[in-house]
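Undergrad: Below is the file query_18.cif, which contains mmCIF, C-alpha atoms.
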```cif
data_target
#
loop_
_atom_site.label_atom_id
_atom_site.label_comp_id
_atom_site.auth_asym_id
_atom_site.auth_seq_id
_atom_site.Cartn_x
_atom_site.Cartn_y
_atom_site.Cartn_z
CA MET A 1 5.74 28.15 15.33
CA ARG A 2 5.28 24.84 17.13
CA GLU A 3 2.82 22.38 15.54
CA ASN A 4 1.37 19.70 17.81
CA LEU A 5 -0.56 16.51 17.79
CA HIS A 6 -2.50 15.62 20.90
CA ALA A 7 -2.64 12.32 22.74
CA THR A 8 -4.79 11.28 25.68
CA TYR A 9 -3.59 8.59 28.09
CA LEU A 10 -5.37 6.77 30.89
CA ILE A 11 -3.10 6.42 33.92
CA ARG A 12 -3.76 4.51 37.09
CA SER A 13 -2.34 6.64 39.88
CA SER A 14 -3.05 8.10 43.27
CA ALA A 15 -4.27 11.68 43.36
CA ASP A 16 -1.09 12.97 45.02
CA ALA A 17 1.15 11.36 42.39
CA ILE A 18 -0.73 12.03 39.13
CA GLY A 19 0.85 15.43 38.49
CA ALA A 20 4.35 13.99 38.64
CA ARG A 21 3.27 10.95 36.58
CA ALA A 22 1.90 13.23 33.86
CA GLN A 23 5.10 15.26 33.71
CA ALA A 24 7.19 12.09 33.62
CA LEU A 25 5.05 10.77 30.74
CA ALA A 26 5.55 14.03 28.83
CA LEU A 27 9.31 13.68 29.10
CA GLU A 28 9.31 9.95 28.33
CA GLN A 29 7.30 10.46 25.15
CA SER A 30 9.41 13.34 23.89
CA ILE A 31 13.04 13.92 24.93
CA GLU A 32 13.68 11.03 27.37
CA VAL A 33 15.95 13.12 29.61
CA PRO A 34 15.26 15.29 32.66
CA LEU A 35 14.59 18.96 31.95
CA ALA A 36 17.69 19.76 33.98
CA ALA A 37 19.78 18.11 31.26
CA LEU A 38 18.67 20.61 28.59
CA THR A 39 20.97 23.39 27.47
CA ASP A 40 18.95 24.51 24.43
CA ALA A 41 15.94 26.71 25.19
CA ARG A 42 14.41 25.94 21.77
CA ILE A 43 14.17 22.24 22.60
CA GLU A 44 12.35 22.96 25.86
CA ARG A 45 10.00 25.36 24.07
CA ASP A 46 9.36 23.49 20.81
CA VAL A 47 10.08 19.80 21.42
CA VAL A 48 9.29 18.80 25.01
CA ALA A 49 5.75 17.41 25.29
CA GLN A 50 3.38 19.62 27.25
CA VAL A 51 0.78 18.50 29.77
CA GLU A 52 -2.44 20.15 28.62
CA SER A 53 -4.90 18.71 31.11
CA ILE A 54 -5.45 16.12 33.82
CA SER A 55 -8.95 14.91 34.64
CA ALA A 56 -10.28 12.22 36.96
CA ARG A 57 -12.03 9.26 35.34
CA GLY A 58 -12.75 7.24 38.45
CA SER A 59 -11.04 5.89 41.54
CA ASP A 60 -7.29 6.26 40.96
CA LEU A 61 -7.81 6.64 37.20
CA TYR A 62 -6.90 9.82 35.32
CA ALA A 63 -6.97 11.05 31.73
CA VAL A 64 -3.84 12.98 30.82
CA ARG A 65 -3.77 14.96 27.57
CA LEU A 66 -0.36 15.80 26.10
CA ALA A 67 0.68 18.06 23.25
CA LEU A 68 3.44 16.30 21.29
CA ALA A 69 5.59 18.22 18.80
CA LEU A 70 4.96 17.11 15.23
CA GLU A 71 8.60 17.77 14.35
CA THR A 72 9.46 14.60 16.28
CA VAL A 73 7.18 12.55 14.00
CA GLY A 74 7.40 13.87 10.43
CA ASP A 75 5.15 11.82 8.17
CA ASP A 76 6.33 8.37 9.29
CA ALA A 77 3.72 6.01 10.75
CA GLY A 78 6.27 4.03 12.72
CA GLN A 79 7.72 7.13 14.32
CA LEU A 80 4.23 8.39 15.13
CA MET A 81 3.54 5.15 17.00
CA ASN A 82 6.91 5.47 18.74
CA MET A 83 6.31 9.03 19.91
CA LEU A 84 2.72 8.31 20.91
CA PHE A 85 3.44 5.27 23.00
CA GLY A 86 6.90 3.77 22.39
CA ASN A 87 8.54 3.72 25.81
CA SER A 88 5.36 4.17 27.80
CA SER A 89 3.84 0.99 26.35
CA LEU A 90 6.27 -0.79 28.69
CA LEU A 91 4.32 0.57 31.68
CA THR A 92 1.34 -1.65 32.44
CA ASP A 93 -0.72 1.07 34.16
CA ILE A 94 -0.92 3.38 31.11
CA GLN A 95 -3.18 3.09 28.07
CA LEU A 96 -3.11 5.34 25.00
CA GLU A 97 -6.79 6.28 24.72
CA ASP A 98 -7.09 8.76 21.86
CA ILE A 99 -5.21 10.92 19.38
CA ASP A 100 -5.99 14.15 17.59
CA LEU A 101 -4.05 15.98 14.91
CA SER A 102 -4.54 18.65 12.30
CA THR A 103 -5.96 18.14 8.83
CA ALA A 104 -2.60 19.15 7.35
CA ALA A 105 -0.79 16.54 9.44
CA ALA A 106 -3.31 13.84 8.52
CA THR A 107 -2.83 14.64 4.84
CA ARG A 108 0.90 13.95 5.20
CA PHE A 109 0.12 10.44 6.47
CA GLY A 110 -2.31 9.85 3.62
CA GLY A 111 -5.26 7.81 4.83
CA PRO A 112 -7.15 5.30 2.66
CA ALA A 113 -6.52 5.34 -1.08
CA LEU A 114 -9.91 3.85 -2.00
CA GLY A 115 -12.04 3.80 1.14
CA ILE A 116 -15.63 2.59 1.29
CA ALA A 117 -16.61 3.98 -2.11
CA GLY A 118 -13.59 2.41 -3.78
CA ILE A 119 -14.26 -1.02 -2.33
CA ARG A 120 -17.93 -0.79 -3.31
CA ALA A 121 -16.89 0.02 -6.87
CA ARG A 122 -14.59 -3.00 -6.96
CA VAL A 123 -17.31 -5.42 -5.90
CA ARG A 124 -20.05 -3.59 -7.83
CA VAL A 125 -22.34 -3.15 -4.81
CA ALA A 126 -23.80 0.30 -4.26
CA GLU A 127 -25.86 0.12 -1.07
CA ARG A 128 -26.15 -3.11 0.92
CA ALA A 129 -23.68 -4.31 3.53
CA LEU A 130 -20.83 -6.35 2.06
CA THR A 131 -19.98 -9.98 2.68
CA SER A 132 -16.55 -11.48 3.29
CA THR A 133 -15.09 -14.82 4.22
CA ALA A 134 -11.67 -16.35 4.76
CA LEU A 135 -9.80 -19.08 2.93
CA LYS A 136 -8.74 -21.51 5.62
CA PRO A 137 -7.44 -23.65 7.19
CA ILE A 138 -3.83 -22.82 6.49
CA GLY A 139 -1.95 -25.88 5.30
CA SER A 140 -4.48 -26.60 2.56
CA SER A 141 -3.09 -27.42 -0.88
CA VAL A 142 -3.36 -25.01 -3.80
CA ALA A 143 -6.02 -27.24 -5.35
CA GLN A 144 -8.05 -27.29 -2.14
CA VAL A 145 -7.93 -23.57 -1.51
CA SER A 146 -8.64 -22.61 -5.13
CA ARG A 147 -11.71 -24.90 -5.15
CA MET A 148 -12.90 -23.19 -1.98
CA ALA A 149 -12.35 -19.78 -3.57
CA ALA A 150 -14.44 -20.80 -6.58
CA LEU A 151 -17.24 -22.05 -4.33
CA PHE A 152 -17.37 -18.79 -2.36
CA ALA A 153 -17.35 -16.73 -5.56
CA ASP A 154 -20.15 -18.84 -7.06
CA ALA A 155 -22.16 -18.21 -3.89
CA GLY A 156 -21.79 -14.46 -4.40
CA ILE A 157 -19.53 -13.53 -1.48
CA ASP A 158 -18.06 -10.09 -2.17
CA VAL A 159 -14.57 -10.29 -0.66
CA ILE A 160 -12.76 -13.61 -0.35
CA LYS A 161 -9.69 -12.98 1.75
CA GLU A 162 -6.98 -15.35 2.82
CA ASP A 163 -6.51 -16.17 6.46
CA HIS A 164 -3.76 -14.02 7.97
CA GLY A 165 -1.85 -17.17 8.93
CA TRP A 166 -0.85 -17.97 5.34
CA ALA A 167 2.88 -17.75 4.74
CA GLU A 168 5.35 -19.02 2.18
CA SER A 169 5.43 -22.83 2.16
CA ALA A 170 6.41 -25.55 -0.28
CA ARG A 171 2.83 -26.85 -0.21
CA SER A 172 1.16 -23.62 -1.32
CA PRO A 173 3.63 -20.85 -2.27
CA PHE A 174 2.22 -17.40 -2.92
CA ARG A 175 3.34 -17.36 -6.58
CA VAL A 176 1.31 -20.54 -7.24
CA ARG A 177 -1.59 -20.19 -4.79
CA VAL A 178 -2.59 -16.64 -5.64
CA PRO A 179 -2.84 -17.00 -9.45
CA ALA A 180 -4.79 -20.25 -8.98
CA CYS A 181 -7.30 -18.65 -6.61
CA GLN A 182 -7.64 -15.56 -8.78
CA ARG A 183 -8.30 -17.70 -11.87
CA ALA A 184 -11.01 -19.57 -9.98
CA ILE A 185 -12.69 -16.38 -8.79
CA ALA A 186 -12.41 -14.69 -12.19
CA ALA A 187 -14.04 -17.72 -13.85
CA ALA A 188 -16.95 -17.49 -11.41
CA ASN A 189 -17.29 -13.75 -12.07
CA ARG A 190 -17.55 -14.31 -15.81
CA GLY A 191 -20.75 -16.25 -15.24
CA LYS A 192 -22.47 -13.43 -13.35
CA ASP A 193 -24.94 -10.96 -14.79
CA GLU A 194 -24.65 -7.20 -14.39
CA HIS A 195 -26.80 -7.16 -11.25
CA GLU A 196 -24.57 -9.55 -9.32
CA SER A 197 -21.53 -8.53 -7.32
CA LEU A 198 -18.02 -9.20 -8.60
CA SER A 199 -16.19 -11.28 -6.00
CA GLN A 200 -12.76 -9.91 -5.12
CA TYR A 201 -9.78 -11.85 -3.80
CA ALA A 202 -7.49 -10.50 -1.07
CA PRO A 203 -4.36 -12.64 -0.58
CA SER A 204 -2.45 -12.32 2.68
CA LEU A 205 0.94 -10.59 2.55
CA SER A 206 3.82 -11.97 4.61
CA GLY A 207 7.56 -11.69 5.02
CA ASP A 208 9.63 -8.51 4.98
CA LEU A 209 8.76 -5.38 3.03
CA ASP A 210 10.70 -6.41 -0.06
CA GLN A 211 8.94 -9.79 -0.11
CA MET A 212 5.57 -8.07 0.21
CA ARG A 213 6.39 -5.81 -2.71
CA VAL A 214 7.16 -8.89 -4.82
CA GLN A 215 3.92 -10.51 -3.67
CA LEU A 216 1.86 -7.45 -4.59
CA ARG A 217 3.45 -7.24 -8.04
CA CYS A 218 2.67 -10.94 -8.55
CA ALA A 219 -0.91 -10.37 -7.41
CA LEU A 220 -1.42 -7.37 -9.69
CA GLU A 221 -0.03 -9.26 -12.70
CA CYS A 222 -2.78 -11.87 -12.37
CA GLY A 223 -5.59 -9.36 -11.79
CA VAL A 224 -5.78 -9.13 -7.98
CA THR A 225 -6.53 -5.64 -6.65
CA MET A 226 -7.02 -6.28 -2.91
CA ALA A 227 -4.67 -7.55 -0.22
CA LEU A 228 -4.69 -8.37 3.49
CA ALA A 229 -1.93 -6.99 5.71
CA ALA A 230 -1.45 -6.73 9.49
CA PRO A 231 0.01 -3.29 10.35
CA MET A 232 1.17 -4.27 13.84
CA THR A 233 3.04 -7.41 12.78
CA MET A 234 4.61 -5.99 9.61
CA GLY A 235 5.19 -2.58 11.15
CA CYS A 236 3.03 0.49 10.64
CA ALA A 237 5.74 2.18 8.58
CA GLY A 238 5.82 -0.82 6.25
CA PHE A 239 2.03 -0.76 5.92
CA GLN A 240 2.16 2.95 5.12
CA THR A 241 4.88 2.33 2.53
CA LEU A 242 2.76 -0.26 0.71
CA ARG A 243 -0.16 2.15 0.79
CA ARG A 244 1.95 4.83 -0.89
CA GLU A 245 3.59 2.52 -3.44
CA PHE A 246 0.46 0.57 -4.44
CA PRO A 247 -2.44 3.07 -4.38
CA GLN A 248 -4.46 0.88 -6.76
CA VAL A 249 -4.65 -1.94 -4.21
CA ALA A 250 -7.39 -1.96 -1.58
CA LEU A 251 -5.66 -2.76 1.71
CA LEU A 252 -7.59 -4.70 4.37
CA ALA A 253 -5.97 -4.20 7.77
CA HIS A 254 -5.90 -7.24 10.07
CA PRO A 255 -5.88 -6.64 13.86
CA ALA A 256 -3.21 -9.22 14.83
CA PHE A 257 -1.07 -7.86 17.69
CA ALA A 258 -3.52 -4.97 18.20
CA GLY A 259 -4.09 -5.65 21.89
CA THR A 260 -5.83 -3.26 24.23
CA GLN A 261 -2.87 -1.32 25.69
CA ILE A 262 -3.70 1.13 22.94
CA ALA A 263 -7.45 1.68 23.12
CA PRO A 264 -9.11 -0.13 20.19
CA GLY A 265 -11.09 2.98 19.29
CA ALA A 266 -7.80 4.83 18.76
CA LEU A 267 -5.81 2.07 17.06
CA LEU A 268 -8.44 0.27 14.98
CA GLY A 269 -10.80 3.23 14.67
CA LYS A 270 -8.30 5.98 13.83
CA LEU A 271 -4.64 5.03 13.40
CA PHE A 272 -5.11 2.18 10.90
CA ARG A 273 -7.31 4.51 8.85
CA LEU A 274 -4.71 7.28 9.10
CA PHE A 275 -2.01 4.91 7.81
CA GLY A 276 -4.08 3.94 4.77
CA ALA A 277 -6.37 0.99 5.53
CA ASP A 278 -9.31 0.87 3.13
CA ALA A 279 -11.06 -1.64 5.39
CA VAL A 280 -10.34 -2.45 9.03
CA ILE A 281 -11.09 -5.88 10.48
CA PHE A 282 -11.94 -5.89 14.18
CA PRO A 283 -13.19 -8.49 16.69
CA ASN A 284 -16.91 -7.99 17.17
CA HIS A 285 -18.52 -8.41 20.57
CA GLY A 286 -20.10 -11.76 21.28
CA GLY A 287 -17.50 -13.75 19.33
CA ARG A 288 -14.16 -15.31 20.24
CA PHE A 289 -12.79 -12.09 21.73
CA ALA A 290 -13.79 -9.90 24.65
CA PHE A 291 -14.31 -6.51 23.04
CA PRO A 292 -17.48 -4.98 24.52
CA ARG A 293 -20.28 -3.55 22.39
CA ASP A 294 -19.42 0.11 23.04
CA VAL A 295 -15.78 -0.43 22.02
CA CYS A 296 -16.89 -2.05 18.75
CA ALA A 297 -19.26 0.84 18.10
CA ALA A 298 -16.40 3.29 18.67
CA ILE A 299 -14.18 1.42 16.18
CA ALA A 300 -16.88 1.49 13.50
CA ALA A 301 -17.64 5.16 14.14
CA GLY A 302 -13.95 6.05 13.99
CA ASN A 303 -13.58 4.37 10.62
CA ARG A 304 -16.60 6.00 9.00
CA ALA A 305 -17.00 9.42 10.61
CA PRO A 306 -15.76 12.54 8.81
CA TRP A 307 -12.22 13.02 10.11
CA LEU A 308 -9.53 15.41 8.90
CA GLY A 309 -10.58 15.09 5.27
CA LEU A 310 -9.58 11.41 5.05
CA LYS A 311 -11.66 8.90 3.12
CA PRO A 312 -13.68 6.58 5.39
CA SER A 313 -12.51 3.01 5.96
CA LEU A 314 -14.92 0.09 5.79
CA PRO A 315 -15.51 -1.38 9.28
CA THR A 316 -15.35 -5.17 9.14
CA PRO A 317 -16.65 -6.96 12.27
CA ALA A 318 -15.24 -10.47 12.58
CA GLY A 319 -13.95 -13.03 15.07
CA GLY A 320 -16.35 -15.93 15.50
CA MET A 321 -19.40 -14.37 13.88
CA SER A 322 -22.19 -16.68 12.70
CA VAL A 323 -24.67 -16.58 9.85
CA GLU A 324 -27.46 -16.61 12.46
CA ARG A 325 -26.27 -13.21 13.77
CA VAL A 326 -26.32 -11.42 10.41
CA ALA A 327 -29.50 -9.42 11.04
CA GLU A 328 -28.29 -8.35 14.47
CA ILE A 329 -24.89 -7.24 13.16
CA ILE A 330 -26.31 -5.23 10.27
CA SER A 331 -28.92 -3.59 12.49
CA GLU A 332 -26.01 -2.46 14.68
CA TYR A 333 -23.51 -1.33 12.04
CA GLY A 334 -25.77 -0.48 9.10
CA ARG A 335 -25.06 -0.92 5.42
CA ASP A 336 -21.59 0.64 5.34
CA ALA A 337 -19.97 -2.41 6.90
CA MET A 338 -18.53 -5.70 5.69
CA LEU A 339 -19.39 -8.86 7.62
CA LEU A 340 -16.51 -11.33 7.81
CA ILE A 341 -17.65 -14.87 8.58
CA GLY A 342 -15.32 -17.83 8.21
CA GLY A 343 -15.64 -20.77 10.58
CA SER A 344 -19.42 -20.51 10.73
CA LEU A 345 -19.46 -21.28 7.01
CA LEU A 346 -16.77 -23.95 7.00
CA ILE A 347 -18.47 -26.07 9.65
CA ALA A 348 -21.14 -26.81 7.05
CA ARG A 349 -18.58 -29.08 5.32
CA ASP A 350 -20.37 -30.70 2.35
CA GLN A 351 -23.15 -28.08 2.69
CA LEU A 352 -20.66 -25.20 2.42
CA ALA A 353 -22.09 -23.89 -0.85
CA ALA A 354 -25.63 -23.75 0.51
CA ARG A 355 -24.57 -22.08 3.75
CA SER A 356 -22.48 -19.53 1.82
CA ARG A 357 -25.50 -18.67 -0.33
CA ALA A 358 -27.60 -18.37 2.84
CA PHE A 359 -25.03 -15.91 4.21
CA VAL A 360 -25.23 -13.77 1.07
CA SER A 361 -29.04 -13.87 1.10
CA SER A 362 -29.24 -13.01 4.80
CA VAL A 363 -27.03 -9.96 4.33
CA ALA A 364 -29.13 -8.73 1.41
CA GLN A 365 -32.38 -9.17 3.35
CA ALA A 366 -31.02 -7.55 6.52
CA SER A 367 -29.63 -4.62 4.52
CA ASP A 368 -33.07 -3.97 3.07
CA ALA A 369 -34.40 -3.67 6.61
CA VAL A 370 -32.08 -0.81 7.61
CA THR A 371 -31.88 2.72 6.29
CA ALA A 372 -28.15 3.45 6.67
#
```
Using structure tokens, write down the structure from this file.

TA:
Amino acid sequence: MRENLHATYLIRSSADAIGARAQALALEQSIEVPLAALTDARIERDVVAQVESISARGSDLYAVRLALALETVGDDAGQLMNMLFGNSSLLTDIQLEDIDLSTAAATRFGGPALGIAGIRARVRVAERALTSTALKPIGSSVAQVSRMAALFADAGIDVIKEDHGWAESARSPFRVRVPACQRAIAAANRGKDEHESLSQYAPSLSGDLDQMRVQLRCALECGVTMALAAPMTMGCAGFQTLRREFPQVALLAHPAFAGTQIAPGALLGKLFRLFGADAVIFPNHGGRFAFPRDVCAAIAAGNRAPWLGLKPSLPTPAGGMSVERVAEIISEYGRDAMLLIGGSLLIARDQLAARSRAFVSSVAQASDAVTA
């Protein structure tokens, strides 16, 4: 019996052409040949994508829902992305808007290993919204970045992640930088009482999959249990592989290369979670990027809502956020969110410690003012 996943696409088309466009999309995202080329009835019955519905969304804009055969995907994240949108991503008038699949299929992909509860346990924070910042600018020496890590940990920031631009360099190689930063953060944690959060360090993974495996082993050896990775730059299959091989590591998914040809609510709100992200960073409205408020709300909802039995991912609004906006952001996303603020702290320069403490205090106060 055929098992399907379902994908919805937005297509810009005239009314008289949309039927043919939908059928062409179904073929493009399944067998890539005309039906007339088929000689096997089973393939036409069980493999060719089926057009389930076409509905108008506005002037010359239509939503087309396809049923795609799961046998063409297996349990591989890269192949899922390929069959959802591989060839059709080359067409500028089509956007992948949403996906839906069965609980059994979702289980094969895995989802988060730790999720919100697991991250909360790591930082020892039960209820309030979490705080996060980034170690930057890239190009800093090991001594500079480890001092910054210690300062952020002393201030009580929960998750201290590296900027996603870090890569292997003679000035600050991973094998030297990461143990130094972890030692600095661990030293700060030893001075905290049982009511304070335990700051966690998330180094940025880079290179090919084998290099990332080596980096994660190095990180684990020195006590690191979180990491930052960008599924779209490293490849979703590679991200999924790390999730499966290192279930003890909380993976923070970075949105680099996650442009809007796939709707952010689908990619950042569902697919990254499906592939195993424990937290998903996304550009919040009102910052450096142009995501509107309703899109950001959809991303957060997609990460936290009950979905196919998967653990929830921690939504992490970022991208030019300021300490002054903390109350607004928490009132919008509630306590089950992690606020990522980087540049707004670093501009304080010699007052960085005080501004970092103000960030932590503002999040605590704003969390007390909300009920969820």

Undergrad: I'd like to know which of A:Arg45, A:His285, A:Arg304, A:Lys311 is closest to A:Arg335, using all atoms listed in the file.

TA: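 Once distances to A:Arg335 are computed over all atoms listed in the file, the minimum belongs to A:Arg304.
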
Undergrad: Residue by residue, what does the PyMOL selection byres ((chain A and resi 300) around 9) grab here? Present the result as an mmCIF file with C-alpha atoms, in the coordinates of the input.

TA:
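Writing the result to selection_2.cif gives the following:
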```
data_model
loop_
_atom_site.group_PDB
_atom_site.id
_atom_site.type_symbol
_atom_site.label_atom_id
_atom_site.label_comp_id
_atom_site.auth_asym_id
_atom_site.auth_seq_id
_atom_site.Cartn_x
_atom_site.Cartn_y
_atom_site.Cartn_z
ATOM 1 C CA GLY A 265 -11.090 2.980 19.290
ATOM 2 C CA LEU A 268 -8.440 0.270 14.980
ATOM 3 C CA GLY A 269 -10.800 3.230 14.670
ATOM 4 C CA VAL A 280 -10.340 -2.450 9.030
ATOM 5 C CA PHE A 282 -11.940 -5.890 14.180
ATOM 6 C CA VAL A 295 -15.780 -0.430 22.020
ATOM 7 C CA CYS A 296 -16.890 -2.050 18.750
ATOM 8 C CA ALA A 297 -19.260 0.840 18.100
ATOM 9 C CA ALA A 298 -16.400 3.290 18.670
ATOM 10 C CA ILE A 299 -14.180 1.420 16.180
ATOM 11 C CA ALA A 301 -17.640 5.160 14.140
ATOM 12 C CA GLY A 302 -13.950 6.050 13.990
ATOM 13 C CA ASN A 303 -13.580 4.370 10.620
ATOM 14 C CA ARG A 304 -16.600 6.000 9.000
ATOM 15 C CA ALA A 305 -17.000 9.420 10.610
ATOM 16 C CA SER A 313 -12.510 3.010 5.960
ATOM 17 C CA LEU A 314 -14.920 0.090 5.790
ATOM 18 C CA PRO A 315 -15.510 -1.380 9.280
ATOM 19 C CA THR A 316 -15.350 -5.170 9.140
ATOM 20 C CA PRO A 317 -16.650 -6.960 12.270
ATOM 21 C CA TYR A 333 -23.510 -1.330 12.040
ATOM 22 C CA ALA A 337 -19.970 -2.410 6.900
#
```

Undergrad: Determine the residue set returned by the PyMOL selection byres ((chain A and resi 109-124) around 10) for the present structure, and present it as an NGL selection string.

TA: :A and (74-77 or 80 or 104-108 or 125-130 or 157-159 or 194-200 or 225-226 or 240 or 243-244 or 246-251 or 270-279 or 303-304 or 308-315 or 336-338)

Undergrad: How would you write as an MDAnalysis selection string the residues that get within 8 Å of (3.7, -13.1, -0.7) in the file's frame, counting only C-alpha atoms?

TA: chainID A and resid 167:168 173:175 204:207 211:212 214:216

Undergrad: Quick one: of A:Ala170, A:Ala364, A:Val51, A:Ile160, who's nearest to A:Lys136, counting all atoms listed in the file?

TA: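 For A:Lys136, the nearest of the candidates is A:Ile160.
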
Undergrad: Using all atoms listed in the file, which of A:Ser362, A:Gln261, A:Thr133, A:Thr241 sits nearest A:Ile281?

TA: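 Nearest to A:Ile281: A:Thr133.
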
Undergrad: Which is closest to A:Gly286 among A:Gly320, A:Gly343, A:Gly139, A:Gly86, if we use all atoms listed in the file?

TA: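 Under the stated criterion, the closest residue is A:Gly320.
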
Undergrad: Would you write out, as a PyMOL selection string, every residue that the PyMOL selection byres ((chain A and resi 82) around 12) captures in this file?

TA: chain A and resi 28-30+68+72-74+76-81+83-90+96+235-237

Undergrad: Go ahead and write the residues just picked, C-alpha atoms, as a PDB file, in the coordinates of the input.

TA:
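What landed in selection.pdb:
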```
ATOM      1  CA  GLU A  28       9.310   9.950  28.330  1.00  0.00           C
ATOM      2  CA  GLN A  29       7.300  10.460  25.150  1.00  0.00           C
ATOM      3  CA  SER A  30       9.410  13.340  23.890  1.00  0.00           C
ATOM      4  CA  LEU A  68       3.440  16.300  21.290  1.00  0.00           C
ATOM      5  CA  THR A  72       9.460  14.600  16.280  1.00  0.00           C
ATOM      6  CA  VAL A  73       7.180  12.550  14.000  1.00  0.00           C
ATOM      7  CA  GLY A  74       7.400  13.870  10.430  1.00  0.00           C
ATOM      8  CA  ASP A  76       6.330   8.370   9.290  1.00  0.00           C
ATOM      9  CA  ALA A  77       3.720   6.010  10.750  1.00  0.00           C
ATOM     10  CA  GLY A  78       6.270   4.030  12.720  1.00  0.00           C
ATOM     11  CA  GLN A  79       7.720   7.130  14.320  1.00  0.00           C
ATOM     12  CA  LEU A  80       4.230   8.390  15.130  1.00  0.00           C
ATOM     13  CA  MET A  81       3.540   5.150  17.000  1.00  0.00           C
ATOM     14  CA  MET A  83       6.310   9.030  19.910  1.00  0.00           C
ATOM     15  CA  LEU A  84       2.720   8.310  20.910  1.00  0.00           C
ATOM     16  CA  PHE A  85       3.440   5.270  23.000  1.00  0.00           C
ATOM     17  CA  GLY A  86       6.900   3.770  22.390  1.00  0.00           C
ATOM     18  CA  ASN A  87       8.540   3.720  25.810  1.00  0.00           C
ATOM     19  CA  SER A  88       5.360   4.170  27.800  1.00  0.00           C
ATOM     20  CA  SER A  89       3.840   0.990  26.350  1.00  0.00           C
ATOM     21  CA  LEU A  90       6.270  -0.790  28.690  1.00  0.00           C
ATOM     22  CA  LEU A  96      -3.110   5.340  25.000  1.00  0.00           C
ATOM     23  CA  GLY A 235       5.190  -2.580  11.150  1.00  0.00           C
ATOM     24  CA  CYS A 236       3.030   0.490  10.640  1.00  0.00           C
ATOM     25  CA  ALA A 237       5.740   2.180   8.580  1.00  0.00           C
TER      26      ALA A 237
END
```

Undergrad: Got a sec: who's within 8 Å of stretch 348-359 of chain A, counting all atoms listed in the file, leaving out chain neighbours fewer than 5 positions off, as a PyMOL selection string?

TA: chain A and resi 131+151-152+155-157+323+326

Undergrad: For A:Arg217, which residue out of A:Phe257, A:Pro231, A:Pro179, A:Ile341 is the nearest one, using all atoms listed in the file?

TA: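 Using all atoms listed in the file, the shortest distance to A:Arg217 belongs to A:Pro179.
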
Undergrad: Find the distance between atom CA of A:Ile185 and atom CA of A:Arg213 and write it in Å to one decimal.

TA: 22.6 Å

Undergrad: Work out how far apart atom CA of A:Met1 and atom CA of A:Ile262 are and give it in Å to one decimal.

TA: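 Between these atoms lies a distance of 29.6 Å.
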
Undergrad: Hey, which of A:Val47, A:Ile329, A:Ala20, A:Ile138 ends up closest to A:Glu32? Count only C-alpha atoms.

TA: A:Val47

Undergrad: Just give me the gap between atom CA of A:Val64 and atom CA of A:Ile99 in Å, one decimal is fine.

TA: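 Computing it gives 11.7 Å between the two atoms.
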
Undergrad: Return as lines of an AutoDock Vina configuration file the box centre and box size in Å, one decimal, for an axis-aligned box around all listed atoms of stretch 198-212 of chain A padded by 5 Å per side.

TA:
```
center_x = -3.7
center_y = -9.0
center_z = -1.8
size_x = 38.7
size_y = 17.3
size_z = 23.6
```

Undergrad: Determine, counting only C-alpha atoms, which protein, DNA and RNA residues have an atom within 7 Å of an atom of A:Arg65; residues of the same chain fewer than 3 positions away are not included. Present the result as a list in words.

TA: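 Residues meeting the cut-off are His6, Ala7, Thr8, Tyr9, Val51, Glu52, Ser53 and Ile54 of chain A.
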
Undergrad: Please write as a ChimeraX atom specification the list of polymer residues whose atoms come within 6 Å of (-2.0, 0.9, 33.8), counting only C-alpha atoms and keeping to the coordinates of the file.

TA: /A:11-12,92-94

Undergrad: Pick out the residues sitting within 8 Å of stretch 58-62 of chain A, and hand them over as a list in words; count only C-alpha atoms, and ignore anything fewer than 5 positions along from it in its own chain.

TA: Leu10, Ile11, Arg12, Ser13, Ser14, Ala15 and Ile18 of chain A
